[in-house]
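Below is query-v8.cif, holding mmCIF, C-alpha atoms and all ligand atoms.
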data_coords
#
loop_
_atom_site.label_atom_id
_atom_site.label_comp_id
_atom_site.auth_asym_id
_atom_site.auth_seq_id
_atom_site.Cartn_x
_atom_site.Cartn_y
_atom_site.Cartn_z
CA MET A 1 9.44 -39.37 1.59
CA SER A 2 7.23 -36.94 3.28
CA THR A 3 5.82 -33.92 1.54
CA PHE A 4 5.13 -32.38 4.89
CA CYS A 5 7.76 -29.66 4.61
CA ASN A 6 6.15 -28.44 1.40
CA ALA A 7 2.78 -28.00 2.97
CA ALA A 8 1.69 -24.40 2.79
CA PRO A 9 -0.32 -23.04 5.67
CA SER A 10 -3.89 -23.39 4.64
CA VAL A 11 -5.61 -20.14 4.01
CA SER A 12 -9.26 -19.84 3.33
CA TRP A 13 -10.62 -17.18 1.03
CA HIS A 14 -14.03 -15.55 1.17
CA THR A 15 -15.81 -13.57 -1.50
CA LEU A 16 -17.80 -10.38 -1.31
CA GLU A 17 -19.62 -9.94 -4.60
CA THR A 18 -20.42 -6.42 -5.73
CA LYS A 19 -22.13 -5.23 -8.91
CA TYR A 20 -18.87 -5.05 -10.90
CA THR A 21 -16.34 -6.94 -8.80
CA LYS A 22 -15.67 -9.91 -6.60
CA ILE A 23 -13.62 -8.93 -3.58
CA VAL A 24 -11.70 -11.95 -2.39
CA TYR A 25 -10.32 -11.71 1.13
CA GLN A 26 -9.00 -13.86 3.95
CA SER A 27 -10.47 -12.31 7.03
CA GLU A 28 -13.20 -9.90 7.93
CA SER A 29 -10.63 -7.66 9.61
CA ASP A 30 -8.89 -7.20 6.23
CA LEU A 31 -12.21 -6.14 4.76
CA ILE A 32 -12.79 -3.70 7.60
CA LYS A 33 -9.31 -2.26 7.02
CA LEU A 34 -10.12 -1.93 3.35
CA ASP A 35 -13.32 -0.11 4.21
CA SER A 36 -11.68 2.27 6.65
CA GLU A 37 -8.28 2.90 5.07
CA THR A 38 -9.32 3.20 1.50
CA VAL A 39 -10.34 6.78 1.13
CA TYR A 40 -12.93 6.99 -1.56
CA ALA A 41 -14.28 10.05 0.16
CA HIS A 42 -16.84 11.01 -2.45
CA ASP A 43 -19.03 9.29 -4.90
CA TRP A 44 -18.21 12.13 -7.32
CA GLN A 45 -21.82 13.15 -7.44
CA GLY A 46 -21.39 15.24 -4.34
CA GLN A 47 -22.60 12.72 -1.84
CA SER A 48 -20.19 11.80 0.91
CA LEU A 49 -19.64 8.09 1.25
CA SER A 50 -17.83 8.41 4.51
CA GLU A 51 -21.10 9.14 6.23
CA SER A 52 -22.71 5.99 7.45
CA VAL A 53 -25.23 5.80 4.64
CA HIS A 54 -25.04 2.06 4.92
CA LYS A 55 -24.58 0.77 8.43
CA ASP A 56 -23.50 -2.65 7.23
CA PHE A 57 -19.88 -2.11 6.27
CA LYS A 58 -20.00 -4.80 3.58
CA VAL A 59 -22.85 -3.04 1.81
CA ARG A 60 -21.02 0.26 2.19
CA LEU A 61 -17.73 -1.15 0.92
CA SER A 62 -19.44 -2.80 -2.07
CA HIS A 63 -21.07 0.49 -2.94
CA LYS A 64 -17.76 2.38 -2.67
CA VAL A 65 -15.96 -0.07 -4.92
CA ASP A 66 -18.76 0.00 -7.49
CA VAL A 67 -18.84 3.80 -7.48
CA LEU A 68 -15.08 3.80 -8.02
CA PHE A 69 -15.47 1.30 -10.86
CA GLU A 70 -18.11 3.47 -12.56
CA ARG A 71 -15.90 6.52 -12.08
CA VAL A 72 -13.05 4.75 -13.86
CA GLN A 73 -15.36 3.74 -16.73
CA GLN A 74 -16.52 7.35 -16.93
CA ILE A 75 -12.96 8.79 -17.05
CA LEU A 76 -11.95 6.31 -19.73
CA ASP A 77 -15.28 6.64 -21.53
CA MET A 78 -15.31 2.86 -21.77
CA ARG A 79 -18.59 1.47 -20.57
CA SER A 80 -18.75 -1.96 -22.13
CA LYS A 81 -20.29 -4.69 -20.04
CA THR A 82 -17.53 -6.84 -18.63
CA LYS A 83 -17.21 -9.90 -16.47
CA LYS A 84 -16.82 -9.08 -12.80
CA VAL A 85 -13.22 -8.22 -11.95
CA LYS A 86 -11.75 -10.15 -9.08
CA ILE A 87 -9.96 -8.03 -6.46
CA LYS A 88 -7.73 -10.25 -4.38
CA ILE A 89 -6.86 -8.64 -1.09
CA TYR A 90 -3.74 -9.91 0.68
CA PRO A 91 -3.24 -9.20 4.39
CA ASP A 92 0.33 -7.89 4.01
CA LYS A 93 3.22 -7.26 1.63
CA LYS A 94 4.85 -10.59 2.36
CA ALA A 95 1.74 -12.51 1.34
CA LEU A 96 1.43 -10.40 -1.80
CA ARG A 97 5.05 -11.10 -2.76
CA LEU A 98 4.57 -14.81 -2.23
CA ALA A 99 1.52 -14.66 -4.47
CA TYR A 100 3.60 -12.95 -7.17
CA PHE A 101 6.30 -15.55 -6.90
CA ALA A 102 3.74 -18.36 -7.14
CA LEU A 103 2.33 -16.83 -10.33
CA PHE A 104 5.47 -15.70 -12.14
CA TYR A 105 8.34 -17.60 -10.49
CA LYS A 106 10.29 -14.40 -9.92
CA LYS A 107 10.60 -11.80 -7.22
CA CYS A 108 8.95 -8.47 -7.42
CA ARG A 109 8.21 -5.46 -5.29
CA LEU A 110 5.08 -4.28 -7.04
CA LYS A 111 2.48 -2.91 -4.66
CA ALA A 112 -0.34 -4.02 -6.91
CA TRP A 113 -0.92 -5.50 -10.36
CA TYR A 114 -3.66 -6.72 -12.68
CA LEU A 115 -3.44 -10.08 -14.39
CA PHE A 116 -5.58 -10.29 -17.54
CA GLU A 117 -5.47 -14.09 -17.74
CA ARG A 118 -7.24 -14.29 -14.38
CA ASN A 119 -9.11 -11.01 -14.64
CA THR A 120 -7.75 -10.31 -11.19
CA VAL A 121 -6.35 -7.30 -9.36
CA TYR A 122 -3.79 -8.20 -6.68
CA VAL A 123 -3.38 -5.81 -3.77
CA THR A 124 -2.63 -5.73 -0.07
CA VAL A 125 -4.60 -3.93 2.64
CA GLU A 126 -1.28 -2.44 3.79
CA ASP A 127 -0.87 -0.34 0.66
CA ILE A 128 -4.23 0.02 -1.00
CA HIS A 129 -5.77 3.41 -1.67
CA ALA A 130 -8.40 4.69 -4.07
CA GLY A 131 -5.94 5.84 -6.73
CA MET A 132 -4.16 2.52 -6.74
CA LEU A 133 -7.37 0.50 -6.96
CA ALA A 134 -8.72 2.80 -9.68
CA HIS A 135 -5.49 2.34 -11.66
CA GLU A 136 -5.69 -1.46 -11.52
CA LEU A 137 -9.43 -1.49 -12.30
CA ALA A 138 -8.61 0.73 -15.28
CA HIS A 139 -6.28 -1.99 -16.58
CA ALA A 140 -9.13 -4.51 -16.33
CA ILE A 141 -11.53 -2.20 -18.17
CA ILE A 142 -8.99 -1.22 -20.86
CA ASP A 143 -7.93 -4.81 -21.53
CA HIS A 144 -11.54 -5.88 -22.06
CA TYR A 145 -12.78 -2.87 -23.98
CA PHE A 146 -11.00 -3.41 -27.28
CA SER A 147 -11.35 -6.53 -29.40
CA VAL A 148 -7.56 -6.64 -29.41
CA ARG A 149 -5.76 -5.78 -26.18
CA PRO A 150 -3.80 -2.53 -26.57
CA PRO A 151 0.00 -2.60 -26.21
CA LYS A 152 1.19 -2.54 -22.58
CA ALA A 153 2.69 0.96 -22.83
CA THR A 154 -0.57 2.37 -24.23
CA ALA A 155 -2.64 0.66 -21.54
CA GLU A 156 -0.29 2.06 -18.89
CA ILE A 157 -0.72 5.63 -20.20
CA LEU A 158 -4.51 5.24 -20.06
CA ALA A 159 -4.44 3.73 -16.56
CA ARG A 160 -2.23 6.58 -15.31
CA TYR A 161 -4.63 9.05 -16.87
CA VAL A 162 -7.30 7.56 -14.59
CA ASP A 163 -5.41 8.05 -11.32
CA LYS A 164 -4.57 11.61 -12.36
CA HIS A 165 -8.16 12.53 -13.08
CA LEU A 166 -9.87 10.62 -10.30
CA GLU A 167 -10.51 13.62 -8.10
CA MET A 168 -11.70 15.98 -10.80
ZN ZN A 201 -0.41 0.13 -14.52
#
How would this structure read if it were set down as structure tokens?
Amino acid sequence: MSTFCNAAPSVSWHTLETKYTKIVYQSESDLIKLDSETVYAHDWQGQSLSESVHKDFKVRLSHKVDVLFERVQQILDMRSKTKKVKIKIYPDKKALRLAYFALFYKKCRLKAWYLFERNTVYVTVEDIHAGMLAHELAHAIIDHYFSVRPPKATAEILARYVDKHLEM
């Protein structure tokens, strides 16, 4: 018997480590998309991040994600030191759905989710935006802040509070 038909196409993952996160991605073009499509226009201290402060897009992207992370901590007023959150970036919706199926053995149409057991945010470059990433990072921060994880409904209210107040 051959196991050939079960062989999944091999995909290699790369990691971009930032101060608070580890961005895991498949190709540099996905990272570039993430940098250009994700509109974290401000660093919320008045400085525009869209200006090419950092010419190297990886440095710029890392900075944006870390600024967003700090903004989420600030909104929640939860600044405990946590392990770096993994942000797994899938190239498209199909790949994201397959990832969900591989984890939970059921279908789903979520655009993004956070899995505490792996301390990982799952997203696709097709759908990601600052509010969405902030929401999922909020779940990571909330779940690690309390000695006992809050109930799901409570965590969801707090995470939604973050996307509502992101721009203020
Ligand atoms: Zn949520």
Subject >> Site check for ligand ZN 201 (chain A): residues at most 8 Å away, only C-alpha atoms and all ligand atoms, as a PyMOL selection string >> reply: chain A and resi 113-114+135-136+139+155-157+159-160
**OP:** Find the spatial neighbours of stretch 70-87 of chain A, counting all atoms listed in the file, within a cut-off of 6 Å - ignore same-chain residues fewer than 2 positions away - and output them as JSON, numbers by chain.
**Re:** {"A": [20, 21, 22, 23, 24, 67, 68, 119, 120, 121]}
Once you have the residues from the selection above, write them out as a PDB file, in the coordinates of the input, restricted to C-alpha atoms.
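Saved to selection_18.pdb:
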ATOM      1  CA  TYR A  20     -18.870  -5.050 -10.900  1.00  0.00           C
ATOM      2  CA  THR A  21     -16.340  -6.940  -8.800  1.00  0.00           C
ATOM      3  CA  LYS A  22     -15.670  -9.910  -6.600  1.00  0.00           C
ATOM      4  CA  ILE A  23     -13.620  -8.930  -3.580  1.00  0.00           C
ATOM      5  CA  VAL A  24     -11.700 -11.950  -2.390  1.00  0.00           C
ATOM      6  CA  VAL A  67     -18.840   3.800  -7.480  1.00  0.00           C
ATOM      7  CA  LEU A  68     -15.080   3.800  -8.020  1.00  0.00           C
ATOM      8  CA  ASN A 119      -9.110 -11.010 -14.640  1.00  0.00           C
ATOM      9  CA  THR A 120      -7.750 -10.310 -11.190  1.00  0.00           C
ATOM     10  CA  VAL A 121      -6.350  -7.300  -9.360  1.00  0.00           C
TER      11      VAL A 121
END
Applying 8 Å and all atoms listed in the file, which residues near A:Cys108 remain after dropping the ones on its own chain fewer than 4 positions away? List them as an mmCIF file with C-alpha atoms, in the frame of the given file.
data_model
loop_
_atom_site.group_PDB
_atom_site.id
_atom_site.type_symbol
_atom_site.label_atom_id
_atom_site.label_comp_id
_atom_site.auth_asym_id
_atom_site.auth_seq_id
_atom_site.Cartn_x
_atom_site.Cartn_y
_atom_site.Cartn_z
ATOM 1 C CA ARG A 97 5.050 -11.100 -2.760
ATOM 2 C CA TYR A 100 3.600 -12.950 -7.170
ATOM 3 C CA PHE A 101 6.300 -15.550 -6.900
#
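Note that atom CA of A:Leu137 and atom CA of A:Ala153 are 16.2 Å apart.
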**OP:** Find, counting only C-alpha atoms, the residue in A:Leu61, A:Val125, A:Ala140, A:Phe116 that gets nearest to A:Ala95.
**Re:**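 So, comparing all the options, the nearest one is A:Val125.
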**OP:** Measure the distance from atom CA of A:Ile128 to atom CA of A:Val148 in Å and round it to one decimal.
**Re:**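 Straight-line distance from atom CA of A:Ile128 to atom CA of A:Val148 works out to 29.4 Å.
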Original post:
So how far away is atom CA of A:Leu166 from atom CA of A:Leu133, in Å?
Top reply: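 These two atoms are separated by 10.9 Å.
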**OP:** Go through A:Phe57, A:Trp13, A:Phe104, A:Tyr145 and flag the residue nearest A:Lys33, using all atoms listed in the file for the distances.
**Re:**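 Between A:Phe57, A:Trp13, A:Phe104, A:Tyr145, the residue approaching A:Lys33 most closely is A:Phe57.
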**OP:** Compile the contact shell of A:Ser29 as an NGL selection string: residues with an atom at most 12 Å away, counting all atoms listed in the file, same-chain residues fewer than 6 positions apart removed.
**Re:** :A and (35-37 or 57-58 or 89-91 or 125)
Limited to C-alpha atoms, could you put the picked residues into a file as a PDB file, in the frame of the given file?
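Saved file part14.pdb follows:
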ATOM      1  CA  ASP A  35     -13.320  -0.110   4.210  1.00  0.00           C
ATOM      2  CA  SER A  36     -11.680   2.270   6.650  1.00  0.00           C
ATOM      3  CA  GLU A  37      -8.280   2.900   5.070  1.00  0.00           C
ATOM      4  CA  PHE A  57     -19.880  -2.110   6.270  1.00  0.00           C
ATOM      5  CA  LYS A  58     -20.000  -4.800   3.580  1.00  0.00           C
ATOM      6  CA  ILE A  89      -6.860  -8.640  -1.090  1.00  0.00           C
ATOM      7  CA  TYR A  90      -3.740  -9.910   0.680  1.00  0.00           C
ATOM      8  CA  PRO A  91      -3.240  -9.200   4.390  1.00  0.00           C
ATOM      9  CA  VAL A 125      -4.600  -3.930   2.640  1.00  0.00           C
TER      10      VAL A 125
END
Subject >> Distance query A:Lys111 at most 8 Å, all atoms listed in the file, self and fewer than 3 positions along chain excluded, as a list in words >> reply: Lys93, Val123, Thr124 and Asp127 of chain A
